[in-house]
>>> print(open('data-v8.csv').read())   # CSV, C-alpha atoms and all ligand atoms
chain,number,residue,atom,x,y,z
A,924,MET,CA,169.3,83.2,39.8
A,925,THR,CA,171.8,82.8,36.9
A,926,ARG,CA,170.4,81.7,33.6
A,927,VAL,CA,173.0,79.8,31.5
A,928,ILE,CA,172.1,80.0,27.9
A,929,LEU,CA,174.0,78.3,25.1
A,930,VAL,CA,173.8,79.6,21.6
A,931,THR,CA,174.4,76.6,19.3
A,932,SER,CA,174.1,75.6,15.7
A,933,GLY,CA,174.5,72.4,13.6
A,934,LYS,CA,176.4,74.3,10.8
A,935,GLY,CA,179.3,76.7,11.3
A,936,GLY,CA,179.3,80.3,10.2
A,937,VAL,CA,175.6,80.9,10.8
A,938,GLY,CA,176.1,83.7,13.4
A,939,LYS,CA,176.6,82.2,16.8
A,940,THR,CA,179.5,84.4,17.9
A,941,THR,CA,177.7,87.5,16.5
A,942,LEU,CA,174.6,86.6,18.5
A,943,VAL,CA,176.5,86.0,21.7
A,944,SER,CA,178.5,89.2,21.6
A,945,ASN,CA,175.4,91.2,20.7
A,946,LEU,CA,173.0,89.6,23.2
A,947,ALA,CA,175.6,90.2,25.9
A,948,SER,CA,175.7,93.9,25.1
A,949,ALA,CA,172.0,94.2,24.5
A,950,LEU,CA,171.2,92.5,27.8
A,951,ALA,CA,173.7,94.8,29.6
A,952,GLY,CA,171.9,97.7,27.9
A,953,ILE,CA,168.7,96.8,29.6
A,954,GLY,CA,170.4,96.6,33.0
A,955,GLN,CA,171.2,92.9,33.2
A,956,ASP,CA,174.4,91.5,34.7
A,957,VAL,CA,175.9,89.3,31.9
A,958,ILE,CA,178.9,87.1,31.4
A,959,ALA,CA,179.7,86.2,27.8
A,960,MET,CA,181.7,83.0,27.7
A,961,ASP,CA,183.7,81.6,24.8
A,962,ALA,CA,183.2,77.9,25.1
A,963,ASN,CA,184.4,77.3,21.5
A,964,LEU,CA,187.6,75.7,22.5
A,965,THR,CA,189.2,74.9,19.1
A,966,THR,CA,188.3,78.1,17.2
A,967,PRO,CA,187.5,80.7,19.9
A,968,ASN,CA,186.8,84.1,18.4
A,969,LEU,CA,184.4,85.9,20.7
A,970,SER,CA,187.2,88.0,22.0
A,971,LEU,CA,188.0,89.0,18.4
A,972,HIS,CA,184.4,90.2,17.9
A,973,LEU,CA,184.7,92.2,21.1
A,974,GLY,CA,188.2,93.6,20.9
A,975,VAL,CA,189.5,91.7,23.9
A,976,GLN,CA,192.9,90.3,23.1
A,977,LEU,CA,196.0,89.4,24.9
A,978,VAL,CA,194.5,88.7,28.3
A,979,PRO,CA,196.7,86.9,30.8
A,980,ARG,CA,194.2,84.1,31.8
A,981,THR,CA,191.7,82.4,29.6
A,982,LEU,CA,189.1,79.6,29.8
A,983,HIS,CA,191.8,77.3,28.4
A,984,ASP,CA,193.9,77.9,31.6
A,985,VAL,CA,190.8,77.1,33.7
A,986,LEU,CA,190.1,73.9,31.8
A,987,ARG,CA,193.7,72.9,32.3
A,988,GLY,CA,193.1,73.3,36.1
A,989,GLU,CA,195.7,76.0,36.4
A,990,VAL,CA,193.4,79.0,37.2
A,991,ASN,CA,190.2,79.6,39.0
A,992,ILE,CA,187.3,80.6,36.7
A,993,LYS,CA,186.7,83.7,38.8
A,994,ASN,CA,190.2,85.0,37.8
A,995,SER,CA,189.5,84.7,34.1
A,996,ILE,CA,186.4,87.0,34.0
A,997,TYR,CA,187.2,90.4,32.5
A,998,PRO,CA,185.0,93.5,32.6
A,999,HIS,CA,184.2,94.8,29.1
A,1000,PRO,CA,183.8,98.6,28.5
A,1001,LEU,CA,180.3,98.0,27.2
A,1002,GLY,CA,179.0,96.9,30.6
A,1003,PHE,CA,179.1,93.1,30.6
A,1004,LYS,CA,181.8,90.6,31.5
A,1005,ILE,CA,183.7,88.2,29.2
A,1006,ILE,CA,185.5,84.9,29.7
A,1007,PRO,CA,187.7,84.7,26.7
A,1008,GLY,CA,189.3,81.6,25.1
A,1009,SER,CA,192.9,81.4,24.1
A,1010,MET,CA,193.7,81.9,20.4
A,1011,ASN,CA,197.1,80.2,20.8
A,1012,VAL,CA,196.8,76.6,19.4
A,1013,ASN,CA,199.4,75.4,21.9
A,1014,ASP,CA,197.0,76.2,24.7
A,1015,LEU,CA,194.8,73.3,23.6
A,1016,THR,CA,197.3,70.9,25.2
A,1017,GLY,CA,196.0,69.5,28.4
A,1018,VAL,CA,192.6,71.1,28.2
A,1019,ASP,CA,189.8,69.0,29.6
A,1020,PRO,CA,186.5,70.0,28.1
A,1021,SER,CA,184.5,67.8,30.6
A,1022,ARG,CA,185.3,70.4,33.3
A,1023,LEU,CA,183.1,72.9,31.6
A,1024,SER,CA,179.9,71.9,33.4
A,1025,GLN,CA,181.6,72.3,36.8
A,1026,ILE,CA,182.9,75.7,35.7
A,1027,THR,CA,179.5,77.0,34.9
A,1028,THR,CA,178.2,75.6,38.1
A,1029,ASP,CA,180.9,77.5,40.0
A,1030,LEU,CA,179.7,80.7,38.2
A,1031,LEU,CA,176.1,80.4,39.3
A,1032,GLY,CA,175.2,83.5,41.3
A,1033,GLN,CA,177.9,85.6,39.7
A,1034,SER,CA,175.5,87.2,37.1
A,1035,ASP,CA,171.9,87.3,35.8
A,1036,PHE,CA,173.0,85.6,32.6
A,1037,ILE,CA,175.8,83.5,31.2
A,1038,ILE,CA,175.6,83.5,27.4
A,1039,ALA,CA,177.9,80.9,25.9
A,1040,ASP,CA,179.3,80.6,22.4
A,1041,CYS,CA,180.4,77.1,21.3
A,1042,ALA,CA,181.7,75.1,18.4
A,1043,ALA,CA,179.2,74.0,15.7
A,1044,GLY,CA,178.1,70.4,15.1
A,1045,LEU,CA,178.1,67.2,17.0
A,1046,GLY,CA,181.7,66.8,18.1
A,1047,ARG,CA,182.8,66.3,21.7
A,1048,GLU,CA,183.5,70.0,22.2
A,1049,ALA,CA,179.9,70.9,21.2
A,1050,LEU,CA,178.5,68.1,23.3
A,1051,THR,CA,180.3,69.2,26.5
A,1052,ALA,CA,179.2,72.8,25.9
A,1053,MET,CA,175.6,71.6,25.7
A,1054,GLN,CA,175.9,69.7,29.0
A,1055,SER,CA,177.1,72.9,30.7
A,1056,ALA,CA,174.0,74.9,29.9
A,1057,GLU,CA,170.4,74.8,31.2
A,1058,GLU,CA,168.8,76.6,28.2
A,1059,VAL,CA,169.6,76.5,24.5
A,1060,ILE,CA,169.0,78.8,21.6
A,1061,LEU,CA,169.4,77.3,18.2
A,1062,ILE,CA,170.6,79.7,15.5
A,1063,THR,CA,170.4,78.9,11.8
A,1064,ASN,CA,170.3,80.6,8.5
A,1065,PRO,CA,167.1,80.1,6.5
A,1066,ASP,CA,168.5,77.5,4.1
A,1067,LEU,CA,168.0,73.7,4.0
A,1068,PRO,CA,171.6,72.5,5.0
A,1069,SER,CA,171.7,74.8,8.1
A,1070,VAL,CA,168.2,73.9,9.2
A,1071,VAL,CA,168.7,70.1,8.7
A,1072,ASP,CA,172.0,70.3,10.7
A,1073,GLY,CA,170.2,72.4,13.3
A,1074,LEU,CA,167.6,69.6,13.7
A,1075,LYS,CA,170.4,67.3,14.9
A,1076,MET,CA,171.3,69.8,17.6
A,1077,ILE,CA,167.7,70.1,18.7
A,1078,ASN,CA,167.5,66.3,19.0
A,1079,LEU,CA,170.7,66.4,21.1
A,1080,ALA,CA,169.4,69.1,23.3
A,1081,GLU,CA,166.1,67.3,23.8
A,1082,ARG,CA,167.9,64.1,24.7
A,1083,SER,CA,170.0,66.0,27.2
A,1084,ASN,CA,166.8,67.5,28.8
A,1085,LYS,CA,167.8,71.0,27.9
A,1086,LYS,CA,165.1,73.8,27.7
A,1087,ILE,CA,165.1,74.9,24.1
A,1088,LEU,CA,164.1,78.5,24.1
A,1089,GLY,CA,163.5,78.6,20.3
A,1090,VAL,CA,165.1,79.2,17.0
A,1091,VAL,CA,166.9,82.4,15.8
A,1092,LEU,CA,166.8,82.8,12.1
A,1093,ASN,CA,169.8,84.8,11.0
A,1094,ARG,CA,170.7,86.6,7.7
A,1095,VAL,CA,167.0,86.7,6.7
A,1096,GLY,CA,166.5,88.3,3.3
A,1097,ARG,CA,169.9,87.5,1.9
A,1098,LYS,CA,168.5,85.1,-0.8
A,1099,SER,CA,165.3,85.1,-2.8
A,1100,HIS,CA,164.8,81.4,-2.5
A,1101,GLU,CA,165.3,81.0,1.3
A,1102,LEU,CA,163.1,79.1,3.6
A,1103,LYS,CA,160.2,80.9,5.2
A,1104,ARG,CA,159.7,81.2,9.0
A,1105,TYR,CA,156.7,78.8,9.0
A,1106,GLU,CA,158.7,76.2,7.0
A,1107,VAL,CA,161.6,76.4,9.5
A,1108,GLU,CA,159.1,76.1,12.4
A,1109,SER,CA,157.4,73.1,11.0
A,1110,MET,CA,160.8,71.4,10.2
A,1111,LEU,CA,162.3,72.0,13.7
A,1112,ASP,CA,159.0,71.9,15.7
A,1113,TYR,CA,160.1,75.0,17.8
A,1114,PRO,CA,159.1,78.6,17.4
A,1115,VAL,CA,161.3,81.2,15.7
A,1116,ILE,CA,162.0,83.7,18.5
A,1117,ALA,CA,163.9,86.2,16.3
A,1118,GLU,CA,164.4,86.9,12.6
A,1119,ILE,CA,167.7,88.8,12.3
A,1120,PRO,CA,167.9,90.4,8.9
A,1121,GLU,CA,170.9,90.4,6.6
A,1122,ASP,CA,172.5,93.6,7.5
A,1123,PRO,CA,175.8,95.0,6.2
A,1124,ASN,CA,176.4,96.8,9.5
A,1125,VAL,CA,177.1,93.4,11.1
A,1126,SER,CA,180.3,92.7,9.3
A,1127,LYS,CA,181.3,96.4,9.6
A,1128,ALA,CA,180.8,96.2,13.4
A,1129,ILE,CA,182.9,93.0,13.5
A,1130,ALA,CA,185.7,94.9,11.6
A,1131,TYR,CA,185.5,97.6,14.3
A,1132,LYS,CA,185.5,94.8,17.0
A,1133,LEU,CA,182.1,96.0,18.3
A,1134,PRO,CA,178.7,94.4,18.7
A,1135,VAL,CA,176.4,95.8,16.0
A,1136,VAL,CA,174.0,96.9,18.7
A,1137,ASP,CA,176.7,99.4,19.8
A,1138,TYR,CA,178.2,100.2,16.4
A,1139,ASN,CA,174.8,101.1,14.9
A,1140,PRO,CA,172.1,100.7,17.5
A,1141,PHE,CA,169.2,101.4,15.1
A,1142,SER,CA,170.3,99.2,12.2
A,1143,PRO,CA,167.8,96.5,11.3
A,1144,ALA,CA,169.9,93.6,12.9
A,1145,SER,CA,170.4,95.7,16.1
A,1146,ILE,CA,166.7,96.3,16.6
A,1147,GLU,CA,165.8,92.6,16.3
A,1148,ILE,CA,168.7,91.5,18.6
A,1149,LYS,CA,167.5,94.1,21.2
A,1150,ARG,CA,164.0,92.9,20.9
A,1151,LEU,CA,165.2,89.3,21.5
A,1152,ALA,CA,167.1,90.5,24.6
A,1153,CYS,CA,163.9,92.1,26.0
A,1154,TRP,CA,162.0,88.9,25.2
A,1155,LEU,CA,164.5,86.8,27.2
A,1156,THR,CA,164.1,89.0,30.2
A,1157,GLY,CA,160.4,89.8,30.0
A,1158,ILE,CA,161.2,93.5,29.8
A,1159,GLU,CA,159.0,95.4,27.4
A,1160,PHE,CA,160.8,96.2,24.2
A,1161,ARG,CA,161.1,99.9,23.5
A,1162,TYR,CA,162.5,101.2,20.3
A,1163,ARG,CA,164.8,103.6,22.2
A,1164,THR,CA,166.5,102.5,25.4
A,1165,ASN,CA,165.6,104.7,28.3
A,1166,ARG,CA,169.0,105.5,29.8
A,1167,PHE,CA,167.4,106.5,33.1
A,1168,ARG,CA,165.7,103.1,33.5
A,1169,VAL,CA,169.0,101.3,32.7
A,1170,LEU,CA,170.8,103.3,35.4
A,1171,MET,CA,168.1,102.6,37.9
A,1172,GLN,CA,168.2,98.8,37.1
A,1173,LYS,CA,172.0,98.8,37.5
A,1174,LEU,CA,171.7,100.5,40.9
A,1175,ARG,CA,169.0,98.0,41.9
A,1176,ASN,CA,171.3,95.1,40.9
A,1177,LEU,CA,174.2,96.7,42.8
A,1178,PHE,CA,172.2,96.9,46.1
A,1179,SER,CA,170.1,93.7,45.8
B,1,LIG,P1,179.6,81.4,13.8
B,1,LIG,O1,180.0,81.9,15.1
B,1,LIG,O2,178.3,80.6,13.8
B,1,LIG,O3,180.7,80.7,13.1
B,1,LIG,P2,179.7,84.2,13.1
B,1,LIG,O4,179.0,84.9,14.1
B,1,LIG,O5,181.2,84.3,13.2
B,1,LIG,O6,179.3,82.7,12.9
B,1,LIG,O7,179.2,84.8,11.7
B,1,LIG,C1,179.9,84.5,10.5
B,1,LIG,C2,179.8,85.7,9.6
B,1,LIG,O8,178.5,86.0,9.1
B,1,LIG,C3,180.3,87.0,10.3
B,1,LIG,O9,181.6,87.3,10.1
B,1,LIG,C4,179.4,88.1,9.7
B,1,LIG,O10,180.1,88.8,8.8
B,1,LIG,C5,178.3,87.4,9.0
B,1,LIG,N1,177.0,87.7,9.6
B,1,LIG,C6,176.4,87.1,10.7
B,1,LIG,N2,175.2,87.6,10.9
B,1,LIG,C7,174.9,88.5,9.9
B,1,LIG,C8,173.8,89.3,9.6
B,1,LIG,N3,172.7,89.3,10.3
B,1,LIG,N4,173.9,90.1,8.5
B,1,LIG,C9,175.1,90.1,7.7
B,1,LIG,N5,176.1,89.3,8.0
B,1,LIG,C10,176.1,88.5,9.1
B,2,MG,MG,181.9,81.5,16.1
>>> encode(input="data-v8.csv", output="structure tokens", more="lines below")
Ligand code: ADP
Ligand code: MG
Amino acid sequence: MTRVILVTSGKGGVGKTTLVSNLASALAGIGQDVIAMDANLTTPNLSLHLGVQLVPRTLHDVLRGEVNIKNSIYPHPLGFKIIPGSMNVNDLTGVDPSRLSQITTDLLGQSDFIIADCAAGLGREALTAMQSAEEVILITNPDLPSVVDGLKMINLAERSNKKILGVVLNRVGRKSHELKRYEVESMLDYPVIAEIPEDPNVSKAIAYKLPVVDYNPFSPASIEIKRLACWLTGIEFRYRTNRFRVLMQKLRNLFS
């Protein structure tokens, strides 16, 4: 069964793309078959984070009805697959975001997980992305504006009958006056499922076009993202990945 999980936020710049690229790689690292999808149509940058550029067919071509979704899935060297968006602004012409739900339905059965990035906020683009997923992770920074904007996305997800897996607090420890975990939980009424610390390795990894879980697997942010990936799958989190178990899981997936 394919789980379609949307990573969303009320405010931009809180870490959605970072979380999607890293969750994709961390889940692949524990033997899961994953597709990372860039459903941020106006400002797609998942492929920038992952060093995938200049591909012939993107999600935009699919949303224009020119290409089948299965022809815009690319294998990434880190062991997952990616559906990139086009960074050419001209490619927005003729794009029909309402096709996104059908596209994710067509992908069911193609992988264990589809992890989707999307635009922030309550615009049409973010709303259609929300409709295309079954499960939602809200990511926010521990400050009042991002949490208050995040609450709007939670309300929207609830009204759309989505399963809200919980809240990821990102860039924890950056400011001395930030909101505490229990404050965020009581404001949003959902549990915090990960607290990703402020970590300079994150921006370094982005500069190298790598997920931080691969750039520096034992940095504080990497460890928390890998813990979250294990939580999502129910696999016991181990500080060091057992490469033999990963290989066995991949073989099992191959023959199941
Ligand atoms: P969004 O997709 O929500 O707009 P991004 O994932 O692009 O946000 O993140 C915005 C910036 O925040 C990134 O360029 C990165 O440098 C920084 N960032 C994200 N998470 C962290 C973190 N845990 N520690 C330090 N910097 C981070
Ligand atoms: Mg982004």
>>> atom_distance(input="data-v8.csv", atom1="CA of Thr966 (chain A)", atom2="atom C10 of ligand LIG 1 (chain B)")
18.0 Å
>>> residues_around(input="data-v8.csv", residues="region 1038-1050 of chain A", least_positions_apart="4", cutoff="7 Å", atoms="only C-alpha atoms", output="PyMOL selection string")
chain A and resi 927-935+939-940+943+947+958-963+1020+1054
>>> atom_distance(input="data-v8.csv", atom1="atom O10 of ligand LIG 1 (chain B)", atom2="CA of Gly938 (chain A)")
7.9 Å
>>> residues_near_ligand(input="data-v8.csv", ligand="ligand LIG 1 (chain B)", cutoff="6 Å", atoms="only C-alpha atoms and all ligand atoms", output="list of chain:residue names")
A:Gly935, A:Gly936, A:Val937, A:Gly938, A:Lys939, A:Thr940, A:Thr941, A:Asn1093, A:Arg1094, A:Ile1119, A:Pro1120, A:Glu1121, A:Asp1122, A:Pro1123, A:Val1125, A:Ser1126, A:Ala1144
>>> atom_distance(input="data-v8.csv", atom1="CA of Ser1055 (chain A)", atom2="CA of Lys1086 (chain A)")
12.4 Å
>>> closest_residue(input="data-v8.csv", among="A:Pro979, A:Pro1000, A:Pro967, A:Gly952", to="ligand MG 2 (chain B)", atoms="all atoms listed in the file")
A:Pro967
>>> decode(input="data-v8.csv", residues="region 1016-1058 of chain A", atoms="N, CA and C atoms", output="PDB file, in the first residue's frame")
ATOM      1  N   THR A1016       2.310  27.944 -17.926  1.00  0.00           N
ATOM      2  CA  THR A1016       1.187  28.151 -18.846  1.00  0.00           C
ATOM      3  C   THR A1016       0.505  26.815 -19.157  1.00  0.00           C
ATOM      4  N   GLY A1017      -0.805  26.815 -18.985  1.00  0.00           N
ATOM      5  CA  GLY A1017      -1.576  25.616 -19.340  1.00  0.00           C
ATOM      6  C   GLY A1017      -1.587  24.536 -18.276  1.00  0.00           C
ATOM      7  N   VAL A1018      -0.916  24.808 -17.151  1.00  0.00           N
ATOM      8  CA  VAL A1018      -0.860  23.806 -16.079  1.00  0.00           C
ATOM      9  C   VAL A1018      -2.190  23.790 -15.318  1.00  0.00           C
ATOM     10  N   ASP A1019      -2.734  22.605 -15.101  1.00  0.00           N
ATOM     11  CA  ASP A1019      -4.006  22.472 -14.398  1.00  0.00           C
ATOM     12  C   ASP A1019      -3.772  21.760 -13.052  1.00  0.00           C
ATOM     13  N   PRO A1020      -3.631  22.533 -11.954  1.00  0.00           N
ATOM     14  CA  PRO A1020      -3.301  21.915 -10.658  1.00  0.00           C
ATOM     15  C   PRO A1020      -4.353  20.914 -10.182  1.00  0.00           C
ATOM     16  N   SER A1021      -5.608  21.063 -10.690  1.00  0.00           N
ATOM     17  CA  SER A1021      -6.664  20.164 -10.202  1.00  0.00           C
ATOM     18  C   SER A1021      -6.433  18.714 -10.647  1.00  0.00           C
ATOM     19  N   ARG A1022      -5.487  18.498 -11.574  1.00  0.00           N
ATOM     20  CA  ARG A1022      -5.176  17.123 -12.006  1.00  0.00           C
ATOM     21  C   ARG A1022      -4.304  16.369 -11.000  1.00  0.00           C
ATOM     22  N   LEU A1023      -3.781  17.112  -9.998  1.00  0.00           N
ATOM     23  CA  LEU A1023      -2.812  16.510  -9.071  1.00  0.00           C
ATOM     24  C   LEU A1023      -3.364  15.291  -8.331  1.00  0.00           C
ATOM     25  N   SER A1024      -4.648  15.372  -7.919  1.00  0.00           N
ATOM     26  CA  SER A1024      -5.244  14.248  -7.186  1.00  0.00           C
ATOM     27  C   SER A1024      -5.262  12.997  -8.041  1.00  0.00           C
ATOM     28  N   GLN A1025      -5.650  13.158  -9.314  1.00  0.00           N
ATOM     29  CA  GLN A1025      -5.693  12.000 -10.212  1.00  0.00           C
ATOM     30  C   GLN A1025      -4.287  11.430 -10.406  1.00  0.00           C
ATOM     31  N   ILE A1026      -3.313  12.343 -10.459  1.00  0.00           N
ATOM     32  CA  ILE A1026      -1.934  11.906 -10.676  1.00  0.00           C
ATOM     33  C   ILE A1026      -1.440  11.045  -9.513  1.00  0.00           C
ATOM     34  N   THR A1027      -1.714  11.489  -8.277  1.00  0.00           N
ATOM     35  CA  THR A1027      -1.264  10.673  -7.134  1.00  0.00           C
ATOM     36  C   THR A1027      -2.031   9.349  -7.096  1.00  0.00           C
ATOM     37  N   THR A1028      -3.305   9.390  -7.502  1.00  0.00           N
ATOM     38  CA  THR A1028      -4.057   8.127  -7.560  1.00  0.00           C
ATOM     39  C   THR A1028      -3.396   7.178  -8.570  1.00  0.00           C
ATOM     40  N   ASP A1029      -2.972   7.705  -9.712  1.00  0.00           N
ATOM     41  CA  ASP A1029      -2.310   6.870 -10.723  1.00  0.00           C
ATOM     42  C   ASP A1029      -1.002   6.271 -10.203  1.00  0.00           C
ATOM     43  N   LEU A1030      -0.414   6.947  -9.212  1.00  0.00           N
ATOM     44  CA  LEU A1030       0.880   6.475  -8.695  1.00  0.00           C
ATOM     45  C   LEU A1030       0.735   5.414  -7.607  1.00  0.00           C
ATOM     46  N   LEU A1031      -0.480   5.219  -7.118  1.00  0.00           N
ATOM     47  CA  LEU A1031      -0.666   4.263  -6.025  1.00  0.00           C
ATOM     48  C   LEU A1031      -0.177   2.882  -6.468  1.00  0.00           C
ATOM     49  N   GLY A1032       0.562   2.251  -5.597  1.00  0.00           N
ATOM     50  CA  GLY A1032       1.103   0.930  -5.929  1.00  0.00           C
ATOM     51  C   GLY A1032       2.500   1.000  -6.523  1.00  0.00           C
ATOM     52  N   GLN A1033       2.977   2.209  -6.826  1.00  0.00           N
ATOM     53  CA  GLN A1033       4.307   2.358  -7.434  1.00  0.00           C
ATOM     54  C   GLN A1033       5.428   2.410  -6.393  1.00  0.00           C
ATOM     55  N   SER A1034       5.058   2.672  -5.125  1.00  0.00           N
ATOM     56  CA  SER A1034       6.096   2.796  -4.086  1.00  0.00           C
ATOM     57  C   SER A1034       5.437   2.621  -2.718  1.00  0.00           C
ATOM     58  N   ASP A1035       6.276   2.523  -1.670  1.00  0.00           N
ATOM     59  CA  ASP A1035       5.721   2.453  -0.311  1.00  0.00           C
ATOM     60  C   ASP A1035       5.228   3.836   0.128  1.00  0.00           C
ATOM     61  N   PHE A1036       5.998   4.868  -0.245  1.00  0.00           N
ATOM     62  CA  PHE A1036       5.679   6.236   0.182  1.00  0.00           C
ATOM     63  C   PHE A1036       5.762   7.193  -1.002  1.00  0.00           C
ATOM     64  N   ILE A1037       4.835   8.152  -1.023  1.00  0.00           N
ATOM     65  CA  ILE A1037       5.019   9.350  -1.852  1.00  0.00           C
ATOM     66  C   ILE A1037       5.090  10.501  -0.851  1.00  0.00           C
ATOM     67  N   ILE A1038       6.215  11.193  -0.833  1.00  0.00           N
ATOM     68  CA  ILE A1038       6.365  12.337   0.071  1.00  0.00           C
ATOM     69  C   ILE A1038       6.316  13.586  -0.807  1.00  0.00           C
ATOM     70  N   ALA A1039       5.316  14.428  -0.542  1.00  0.00           N
ATOM     71  CA  ALA A1039       5.102  15.571  -1.436  1.00  0.00           C
ATOM     72  C   ALA A1039       5.442  16.897  -0.758  1.00  0.00           C
ATOM     73  N   ASP A1040       6.181  17.698  -1.500  1.00  0.00           N
ATOM     74  CA  ASP A1040       6.474  19.075  -1.103  1.00  0.00           C
ATOM     75  C   ASP A1040       5.364  19.945  -1.704  1.00  0.00           C
ATOM     76  N   CYS A1041       5.090  21.108  -1.129  1.00  0.00           N
ATOM     77  CA  CYS A1041       4.061  21.965  -1.741  1.00  0.00           C
ATOM     78  C   CYS A1041       4.316  23.424  -1.392  1.00  0.00           C
ATOM     79  N   ALA A1042       3.497  24.289  -1.980  1.00  0.00           N
ATOM     80  CA  ALA A1042       3.605  25.715  -1.685  1.00  0.00           C
ATOM     81  C   ALA A1042       3.034  25.977  -0.292  1.00  0.00           C
ATOM     82  N   ALA A1043       3.536  27.032   0.351  1.00  0.00           N
ATOM     83  CA  ALA A1043       3.013  27.389   1.678  1.00  0.00           C
ATOM     84  C   ALA A1043       1.683  28.110   1.525  1.00  0.00           C
ATOM     85  N   GLY A1044       0.921  28.130   2.612  1.00  0.00           N
ATOM     86  CA  GLY A1044      -0.248  29.014   2.681  1.00  0.00           C
ATOM     87  C   GLY A1044      -1.527  28.416   2.150  1.00  0.00           C
ATOM     88  N   LEU A1045      -2.502  29.323   1.981  1.00  0.00           N
ATOM     89  CA  LEU A1045      -3.865  28.879   1.696  1.00  0.00           C
ATOM     90  C   LEU A1045      -4.291  29.127   0.253  1.00  0.00           C
ATOM     91  N   GLY A1046      -3.330  29.337  -0.625  1.00  0.00           N
ATOM     92  CA  GLY A1046      -3.661  29.571  -2.040  1.00  0.00           C
ATOM     93  C   GLY A1046      -4.172  28.300  -2.714  1.00  0.00           C
ATOM     94  N   ARG A1047      -4.646  28.463  -3.961  1.00  0.00           N
ATOM     95  CA  ARG A1047      -5.232  27.339  -4.696  1.00  0.00           C
ATOM     96  C   ARG A1047      -4.238  26.188  -4.850  1.00  0.00           C
ATOM     97  N   GLU A1048      -2.975  26.583  -5.090  1.00  0.00           N
ATOM     98  CA  GLU A1048      -1.930  25.582  -5.295  1.00  0.00           C
ATOM     99  C   GLU A1048      -1.771  24.677  -4.075  1.00  0.00           C
ATOM    100  N   ALA A1049      -1.735  25.321  -2.878  1.00  0.00           N
ATOM    101  CA  ALA A1049      -1.577  24.552  -1.639  1.00  0.00           C
ATOM    102  C   ALA A1049      -2.824  23.702  -1.377  1.00  0.00           C
ATOM    103  N   LEU A1050      -3.984  24.245  -1.713  1.00  0.00           N
ATOM    104  CA  LEU A1050      -5.239  23.510  -1.477  1.00  0.00           C
ATOM    105  C   LEU A1050      -5.326  22.265  -2.356  1.00  0.00           C
ATOM    106  N   THR A1051      -4.945  22.384  -3.619  1.00  0.00           N
ATOM    107  CA  THR A1051      -5.027  21.211  -4.496  1.00  0.00           C
ATOM    108  C   THR A1051      -4.000  20.158  -4.059  1.00  0.00           C
ATOM    109  N   ALA A1052      -2.839  20.624  -3.597  1.00  0.00           N
ATOM    110  CA  ALA A1052      -1.838  19.666  -3.098  1.00  0.00           C
ATOM    111  C   ALA A1052      -2.407  18.908  -1.902  1.00  0.00           C
ATOM    112  N   MET A1053      -3.106  19.629  -1.036  1.00  0.00           N
ATOM    113  CA  MET A1053      -3.718  19.014   0.155  1.00  0.00           C
ATOM    114  C   MET A1053      -4.713  17.923  -0.262  1.00  0.00           C
ATOM    115  N   GLN A1054      -5.499  18.203  -1.311  1.00  0.00           N
ATOM    116  CA  GLN A1054      -6.512  17.223  -1.750  1.00  0.00           C
ATOM    117  C   GLN A1054      -5.860  15.949  -2.275  1.00  0.00           C
ATOM    118  N   SER A1055      -4.623  16.071  -2.771  1.00  0.00           N
ATOM    119  CA  SER A1055      -4.009  14.917  -3.428  1.00  0.00           C
ATOM    120  C   SER A1055      -3.366  13.934  -2.442  1.00  0.00           C
ATOM    121  N   ALA A1056      -3.303  14.315  -1.152  1.00  0.00           N
ATOM    122  CA  ALA A1056      -2.648  13.437  -0.168  1.00  0.00           C
ATOM    123  C   ALA A1056      -3.668  12.834   0.794  1.00  0.00           C
ATOM    124  N   GLU A1057      -3.264  11.746   1.430  1.00  0.00           N
ATOM    125  CA  GLU A1057      -4.109  11.123   2.455  1.00  0.00           C
ATOM    126  C   GLU A1057      -3.688  11.590   3.842  1.00  0.00           C
ATOM    127  N   GLU A1058      -2.358  11.747   3.990  1.00  0.00           N
ATOM    128  CA  GLU A1058      -1.798  12.081   5.299  1.00  0.00           C
ATOM    129  C   GLU A1058      -1.013  13.385   5.201  1.00  0.00           C
TER     130      GLU A1058
END
